[in-house]
$ cat my_file-v7.pdb   # PDB, C-alpha atoms, pLDDT in the B column
ATOM      1  CA  MET A   1     219.018 -61.163  29.128  1.00 89.00           C
ATOM      2  CA  VAL A   2     217.648 -59.379  26.064  1.00 95.00           C
ATOM      3  CA  ASP A   3     214.401 -59.817  24.155  1.00 98.00           C
ATOM      4  CA  ILE A   4     213.030 -59.388  20.650  1.00 98.00           C
ATOM      5  CA  LEU A   5     209.834 -57.324  20.774  1.00 98.00           C
ATOM      6  CA  HIS A   6     207.284 -56.594  18.041  1.00 98.00           C
ATOM      7  CA  ARG A   7     203.782 -55.084  17.960  1.00 98.00           C
ATOM      8  CA  MET A   8     201.413 -55.872  15.083  1.00 98.00           C
ATOM      9  CA  GLY A   9     197.816 -54.932  14.372  1.00 98.00           C
ATOM     10  CA  ILE A  10     195.915 -57.659  12.538  1.00 98.00           C
ATOM     11  CA  GLY A  11     192.444 -57.385  11.031  1.00 98.00           C
ATOM     12  CA  ALA A  12     191.233 -60.630  12.611  1.00 98.00           C
ATOM     13  CA  SER A  13     189.676 -61.587  15.925  1.00 98.00           C
ATOM     14  CA  PRO A  14     191.868 -62.590  18.876  1.00 98.00           C
ATOM     15  CA  GLN A  15     190.470 -66.119  18.502  1.00 98.00           C
ATOM     16  CA  GLY A  16     191.444 -66.159  14.817  1.00 98.00           C
ATOM     17  CA  VAL A  17     194.993 -65.080  15.642  1.00 98.00           C
ATOM     18  CA  PHE A  18     195.121 -67.625  18.475  1.00 98.00           C
ATOM     19  CA  GLU A  19     194.143 -70.403  16.055  1.00 98.00           C
ATOM     20  CA  ALA A  20     196.797 -69.277  13.565  1.00 98.00           C
ATOM     21  CA  VAL A  21     199.524 -69.705  16.209  1.00 98.00           C
ATOM     22  CA  THR A  22     198.185 -72.905  17.775  1.00 98.00           C
ATOM     23  CA  GLN A  23     197.046 -75.136  14.892  1.00 98.00           C
ATOM     24  CA  ILE A  24     199.603 -77.028  12.808  1.00 98.00           C
ATOM     25  CA  ASN A  25     197.871 -76.348   9.480  1.00 98.00           C
ATOM     26  CA  ARG A  26     197.652 -72.629  10.287  1.00 98.00           C
ATOM     27  CA  LEU A  27     201.267 -72.381  11.553  1.00 98.00           C
ATOM     28  CA  SER A  28     202.456 -74.010   8.325  1.00 98.00           C
ATOM     29  CA  ALA A  29     200.533 -71.407   6.317  1.00 98.00           C
ATOM     30  CA  TRP A  30     202.566 -68.437   7.604  1.00 98.00           C
ATOM     31  CA  TRP A  31     205.840 -69.584   9.298  1.00 98.00           C
ATOM     32  CA  THR A  32     207.238 -72.711   7.669  1.00 98.00           C
ATOM     33  CA  ASP A  33     205.356 -75.181   5.543  1.00 97.00           C
ATOM     34  CA  ASP A  34     207.224 -78.023   7.299  1.00 98.00           C
ATOM     35  CA  THR A  35     205.536 -77.857  10.701  1.00 98.00           C
ATOM     36  CA  SER A  36     204.514 -80.853  12.792  1.00 98.00           C
ATOM     37  CA  GLY A  37     203.944 -81.881  16.368  1.00 98.00           C
ATOM     38  CA  THR A  38     201.472 -81.608  19.213  1.00 97.00           C
ATOM     39  CA  PRO A  39     200.207 -78.042  19.764  1.00 97.00           C
ATOM     40  CA  GLU A  40     198.748 -78.610  23.248  1.00 98.00           C
ATOM     41  CA  ILE A  41     200.162 -77.835  26.695  1.00 98.00           C
ATOM     42  CA  GLY A  42     203.192 -80.056  27.256  1.00 98.00           C
ATOM     43  CA  GLY A  43     203.406 -80.948  23.566  1.00 98.00           C
ATOM     44  CA  VAL A  44     206.271 -80.067  21.254  1.00 98.00           C
ATOM     45  CA  ILE A  45     205.904 -78.387  17.869  1.00 98.00           C
ATOM     46  CA  HIS A  46     208.676 -78.948  15.313  1.00 98.00           C
ATOM     47  CA  PHE A  47     209.423 -76.169  12.812  1.00 98.00           C
ATOM     48  CA  GLN A  48     211.790 -77.315  10.021  1.00 98.00           C
ATOM     49  CA  PHE A  49     213.455 -74.824   7.676  1.00 96.00           C
ATOM     50  CA  GLY A  50     214.888 -77.190   5.067  1.00 94.00           C
ATOM     51  CA  ASP A  51     218.657 -77.598   5.329  1.00 93.00           C
ATOM     52  CA  LEU A  52     218.957 -74.351   7.310  1.00 91.00           C
ATOM     53  CA  GLY A  53     217.808 -75.887  10.584  1.00 95.00           C
ATOM     54  CA  PHE A  54     214.861 -76.310  12.890  1.00 97.00           C
ATOM     55  CA  PHE A  55     213.262 -75.221  16.155  1.00 96.00           C
ATOM     56  CA  ASP A  56     211.390 -77.417  18.624  1.00 98.00           C
ATOM     57  CA  MET A  57     208.988 -75.497  20.848  1.00 98.00           C
ATOM     58  CA  LYS A  58     207.357 -76.927  23.958  1.00 98.00           C
ATOM     59  CA  VAL A  59     203.904 -75.471  24.545  1.00 98.00           C
ATOM     60  CA  LEU A  60     203.808 -73.944  28.047  1.00 98.00           C
ATOM     61  CA  GLU A  61     200.626 -71.831  28.019  1.00 98.00           C
ATOM     62  CA  LEU A  62     197.441 -71.658  25.969  1.00 98.00           C
ATOM     63  CA  ASP A  63     194.855 -69.055  26.965  1.00 98.00           C
ATOM     64  CA  PRO A  64     192.386 -69.037  24.034  1.00 98.00           C
ATOM     65  CA  GLY A  65     192.159 -65.657  22.336  1.00 98.00           C
ATOM     66  CA  ARG A  66     194.630 -64.139  24.823  1.00 98.00           C
ATOM     67  CA  ARG A  67     198.041 -65.771  25.158  1.00 98.00           C
ATOM     68  CA  VAL A  68     200.361 -68.470  23.836  1.00 98.00           C
ATOM     69  CA  VAL A  69     203.779 -69.304  25.326  1.00 98.00           C
ATOM     70  CA  TRP A  70     206.347 -71.692  23.874  1.00 98.00           C
ATOM     71  CA  GLN A  71     209.816 -72.593  25.174  1.00 98.00           C
ATOM     72  CA  VAL A  72     212.562 -73.595  22.758  1.00 98.00           C
ATOM     73  CA  VAL A  73     213.797 -77.066  23.702  1.00 98.00           C
ATOM     74  CA  ASP A  74     215.942 -77.819  20.636  1.00 98.00           C
ATOM     75  CA  GLY A  75     217.467 -75.902  17.756  1.00 97.00           C
ATOM     76  CA  PRO A  76     220.241 -73.310  17.515  1.00 96.00           C
ATOM     77  CA  LYS A  77     222.095 -72.950  20.824  1.00 96.00           C
ATOM     78  CA  GLU A  78     221.178 -69.252  21.078  1.00 96.00           C
ATOM     79  CA  TRP A  79     217.461 -70.195  21.076  1.00 97.00           C
ATOM     80  CA  ILE A  80     217.465 -73.081  23.546  1.00 97.00           C
ATOM     81  CA  GLY A  81     215.723 -72.039  26.760  1.00 98.00           C
ATOM     82  CA  THR A  82     214.267 -68.862  25.263  1.00 98.00           C
ATOM     83  CA  LYS A  83     210.515 -68.309  25.230  1.00 98.00           C
ATOM     84  CA  VAL A  84     208.252 -67.137  22.426  1.00 98.00           C
ATOM     85  CA  ILE A  85     205.241 -65.263  23.803  1.00 98.00           C
ATOM     86  CA  TRP A  86     202.131 -64.123  21.953  1.00 98.00           C
ATOM     87  CA  ASP A  87     199.877 -61.714  23.877  1.00 98.00           C
ATOM     88  CA  LEU A  88     196.653 -60.926  22.001  1.00 98.00           C
ATOM     89  CA  LYS A  89     194.527 -57.868  22.741  1.00 98.00           C
ATOM     90  CA  PRO A  90     191.204 -56.997  21.097  1.00 98.00           C
ATOM     91  CA  GLN A  91     191.456 -53.743  19.132  1.00 96.00           C
ATOM     92  CA  GLY A  92     188.263 -52.593  17.461  1.00 95.00           C
ATOM     93  CA  GLU A  93     187.434 -55.208  14.814  1.00 94.00           C
ATOM     94  CA  GLY A  94     190.911 -56.745  15.052  1.00 98.00           C
ATOM     95  CA  THR A  95     193.732 -57.731  17.343  1.00 98.00           C
ATOM     96  CA  THR A  96     196.945 -56.175  18.564  1.00 98.00           C
ATOM     97  CA  VAL A  97     199.652 -58.811  18.838  1.00 98.00           C
ATOM     98  CA  LEU A  98     202.409 -58.150  21.358  1.00 98.00           C
ATOM     99  CA  PHE A  99     205.146 -60.576  20.372  1.00 98.00           C
ATOM    100  CA  LYS A 100     208.170 -61.359  22.511  1.00 98.00           C
ATOM    101  CA  HIS A 101     211.082 -63.729  21.943  1.00 98.00           C
ATOM    102  CA  GLN A 102     212.402 -63.609  25.487  1.00 98.00           C
ATOM    103  CA  GLY A 103     215.604 -64.648  27.186  1.00 98.00           C
ATOM    104  CA  TRP A 104     218.474 -64.245  24.740  1.00 97.00           C
ATOM    105  CA  THR A 105     221.713 -64.255  26.732  1.00 95.00           C
ATOM    106  CA  GLU A 106     223.268 -61.499  24.603  1.00 94.00           C
ATOM    107  CA  PRO A 107     222.468 -59.493  21.446  1.00 95.00           C
ATOM    108  CA  VAL A 108     224.626 -61.517  19.052  1.00 95.00           C
ATOM    109  CA  GLU A 109     224.426 -60.976  15.275  1.00 94.00           C
ATOM    110  CA  PHE A 110     222.093 -63.976  14.961  1.00 94.00           C
ATOM    111  CA  MET A 111     219.622 -62.177  17.251  1.00 96.00           C
ATOM    112  CA  HIS A 112     219.591 -59.204  14.886  1.00 96.00           C
ATOM    113  CA  HIS A 113     218.848 -61.592  12.013  1.00 95.00           C
ATOM    114  CA  CYS A 114     216.095 -63.358  13.974  1.00 96.00           C
ATOM    115  CA  SER A 115     214.465 -60.066  14.956  1.00 97.00           C
ATOM    116  CA  THR A 116     214.131 -59.094  11.310  1.00 97.00           C
ATOM    117  CA  LYS A 117     212.950 -62.586  10.317  1.00 97.00           C
ATOM    118  CA  TRP A 118     210.309 -62.553  13.076  1.00 98.00           C
ATOM    119  CA  ALA A 119     209.058 -59.245  11.643  1.00 98.00           C
ATOM    120  CA  THR A 120     208.715 -60.784   8.185  1.00 98.00           C
ATOM    121  CA  TYR A 121     206.887 -63.804   9.603  1.00 98.00           C
ATOM    122  CA  LEU A 122     204.550 -61.537  11.567  1.00 98.00           C
ATOM    123  CA  MET A 123     203.765 -59.809   8.274  1.00 98.00           C
ATOM    124  CA  SER A 124     203.125 -63.266   6.797  1.00 98.00           C
ATOM    125  CA  LEU A 125     200.750 -64.035   9.684  1.00 98.00           C
ATOM    126  CA  LYS A 126     198.964 -60.730   9.080  1.00 98.00           C
ATOM    127  CA  ALA A 127     198.680 -61.472   5.352  1.00 98.00           C
ATOM    128  CA  LEU A 128     197.325 -64.954   6.017  1.00 98.00           C
ATOM    129  CA  LEU A 129     194.621 -63.654   8.331  1.00 98.00           C
ATOM    130  CA  GLU A 130     193.686 -60.614   6.251  1.00 98.00           C
ATOM    131  CA  THR A 131     194.003 -61.994   2.706  1.00 98.00           C
ATOM    132  CA  GLY A 132     193.989 -65.769   3.109  1.00 98.00           C
ATOM    133  CA  LYS A 133     197.600 -66.223   1.953  1.00 98.00           C
ATOM    134  CA  GLY A 134     200.788 -66.071   4.011  1.00 98.00           C
ATOM    135  CA  ASP A 135     204.402 -66.419   2.892  1.00 97.00           C
ATOM    136  CA  PRO A 136     205.841 -69.322   4.903  1.00 98.00           C
ATOM    137  CA  ALA A 137     209.330 -70.729   4.406  1.00 96.00           C
ATOM    138  CA  PRO A 138     210.655 -71.750   1.982  1.00 96.00           C
ATOM    139  CA  ASN A 139     208.763 -69.005   0.106  1.00 92.00           C
ATOM    140  CA  ASP A 140     209.373 -66.337   2.730  1.00 94.00           C
ATOM    141  CA  TYR A 141     210.950 -62.928   2.322  1.00 90.00           C
ATOM    142  CA  ARG A 142     214.753 -63.157   2.058  1.00 88.00           C
ATOM    143  CA  ILE A 143     216.700 -60.711   4.234  1.00 93.00           C
ATOM    144  CA  SER A 144     220.296 -61.915   3.910  1.00 87.00           C
ATOM    145  CA  LEU A 145     222.787 -62.173   1.101  1.00 84.00           C
ATOM    146  CA  ASP A 146     223.619 -65.668   2.324  1.00 75.00           C
ATOM    147  CA  ALA A 147     221.010 -68.392   2.783  1.00 60.00           C
ATOM    148  CA  ASP A 148     218.229 -67.663   5.284  1.00 59.00           C
TER     149      ASP A 148
END
$ encode --input "my_file-v7.pdb" --output "structure tokens"
Amino acid sequence: MVDILHRMGIGASPQGVFEAVTQINRLSAWWTDDTSGTPEIGGVIHFQFGDLGFFDMKVLELDPGRRVVWQVVDGPKEWIGTKVIWDLKPQGEGTTVLFKHQGWTEPVEFMHHCSTKWATYLMSLKALLETGKGDPAPNDYRISLDAD
């Protein structure tokens, strides 16, 4: 198994970051504007990316201001069964986010793409919390020559 790992410092409280990754209106302000579902333990959050596809994440853990864990239950085959983990640590006046997309079976080309896309979405999350405006899909940063 292989994982995508990122570390990001954000000028917002751990509780503020927690809310941005656990509330539908906040998720849709930095990841994809077509987000719906039930963001509570046992619930499923649906993230739609237009015609490109979707991800359904089951909420496994919610530790306010500290940790969020989702498991992918539907979407691209490479994602199904993987976990997305947000560990939040206070850092001065802000938060260090330790992000992990855990459990890829092998480092296929799609994983390389997703690692870069996660980085752009983490920057969108940072922008949302520090400036009030993120860049969610479909207005996100393009990284491929083909559609992404």
$ closest_residue --input "my_file-v7.pdb" --among "A:Glu61, A:Asp3, A:Glu19, A:Asp56" --to "A:Val73" --atoms "only C-alpha atoms"
A:Asp56
$ closest_residue --input "my_file-v7.pdb" --among "A:Val21, A:Val72, A:Leu52, A:Met111" --to "A:Asp87" --atoms "all atoms listed in the file"
A:Val21
$ residues_around --input "my_file-v7.pdb" --residues "A:Trp118" --least-positions-apart "4" --cutoff "10 Å" --atoms "only C-alpha atoms" --output "list in words"
Ile4, Leu5, His6, Trp31, Phe99, Lys100, His101, His113, Cys114, Leu122, Met123 and Ser124 of chain A
$ residues_around --input "my_file-v7.pdb" --residues "stretch 41-43 of chain A" --least-positions-apart "5" --cutoff "9 Å" --atoms "only C-alpha atoms" --output "PyMOL selection string"
chain A and resi 57-62
$ residues_around --input "my_file-v7.pdb" --residues "A:Gly37" --least-positions-apart "6" --cutoff "8 Å" --atoms "all atoms listed in the file" --output "ChimeraX atom specification"
/A:24,43-46
$ resolve_selection --input "my_file-v7.pdb" --expression "the PyMOL selection byres ((chain A and resi 76) around 8)" --output "VMD selection string"
chain A and resid 53 to 55 74 to 75 77 to 80
$ closest_residue --input "my_file-v7.pdb" --among "A:Trp86, A:Trp104, A:Tyr141, A:Phe47" --to "A:Arg66" --atoms "only C-alpha atoms"
A:Trp86
$ residues_near_point --input "my_file-v7.pdb" --point "(200.8, -71.9, 10.0)" --cutoff "10 Å" --atoms "all atoms listed in the file" --output "PDB file with C-alpha atoms, in the frame of the given file"
ATOM      1  CA  GLU A  19     194.143 -70.403  16.055  1.00 98.00           C
ATOM      2  CA  ALA A  20     196.797 -69.277  13.565  1.00 98.00           C
ATOM      3  CA  VAL A  21     199.524 -69.705  16.209  1.00 98.00           C
ATOM      4  CA  THR A  22     198.185 -72.905  17.775  1.00 98.00           C
ATOM      5  CA  GLN A  23     197.046 -75.136  14.892  1.00 98.00           C
ATOM      6  CA  ILE A  24     199.603 -77.028  12.808  1.00 98.00           C
ATOM      7  CA  ASN A  25     197.871 -76.348   9.480  1.00 98.00           C
ATOM      8  CA  ARG A  26     197.652 -72.629  10.287  1.00 98.00           C
ATOM      9  CA  LEU A  27     201.267 -72.381  11.553  1.00 98.00           C
ATOM     10  CA  SER A  28     202.456 -74.010   8.325  1.00 98.00           C
ATOM     11  CA  ALA A  29     200.533 -71.407   6.317  1.00 98.00           C
ATOM     12  CA  TRP A  30     202.566 -68.437   7.604  1.00 98.00           C
ATOM     13  CA  TRP A  31     205.840 -69.584   9.298  1.00 98.00           C
ATOM     14  CA  THR A  32     207.238 -72.711   7.669  1.00 98.00           C
ATOM     15  CA  ASP A  33     205.356 -75.181   5.543  1.00 97.00           C
ATOM     16  CA  ASP A  34     207.224 -78.023   7.299  1.00 98.00           C
ATOM     17  CA  THR A  35     205.536 -77.857  10.701  1.00 98.00           C
ATOM     18  CA  SER A 124     203.125 -63.266   6.797  1.00 98.00           C
ATOM     19  CA  LEU A 125     200.750 -64.035   9.684  1.00 98.00           C
ATOM     20  CA  LEU A 128     197.325 -64.954   6.017  1.00 98.00           C
ATOM     21  CA  GLY A 134     200.788 -66.071   4.011  1.00 98.00           C
ATOM     22  CA  ASP A 135     204.402 -66.419   2.892  1.00 97.00           C
ATOM     23  CA  PRO A 136     205.841 -69.322   4.903  1.00 98.00           C
TER      24      PRO A 136
END
$ atom_distance --input "my_file-v7.pdb" --atom1 "atom CA of A:Glu40" --atom2 "atom CA of A:Phe18"
12.5 Å
$ residues_around --input "my_file-v7.pdb" --residues "A:Gly94" --least-positions-apart "3" --cutoff "6 Å" --atoms "all atoms listed in the file" --output "ChimeraX atom specification"
/A:10-13,91
$ atom_distance --input "my_file-v7.pdb" --atom1 "atom CA of A:Ala137" --atom2 "atom CA of A:Pro14"
24.1 Å
$ closest_residue --input "my_file-v7.pdb" --among "A:Leu88, A:Val69, A:Ile143, A:Met1" --to "A:Gly16" --atoms "all atoms listed in the file"
A:Leu88
$ closest_residue --input "my_file-v7.pdb" --among "A:Ile85, A:Val68, A:Met8, A:Leu98" --to "A:Pro39" --atoms "only C-alpha atoms"
A:Val68
$ closest_residue --input "my_file-v7.pdb" --among "A:Gly132, A:Gln15, A:Arg67, A:Arg142" --to "A:Thr116" --atoms "only C-alpha atoms"
A:Arg142
$ atom_distance --input "my_file-v7.pdb" --atom1 "atom CA of A:Thr96" --atom2 "atom CA of A:Ala119"
14.3 Å
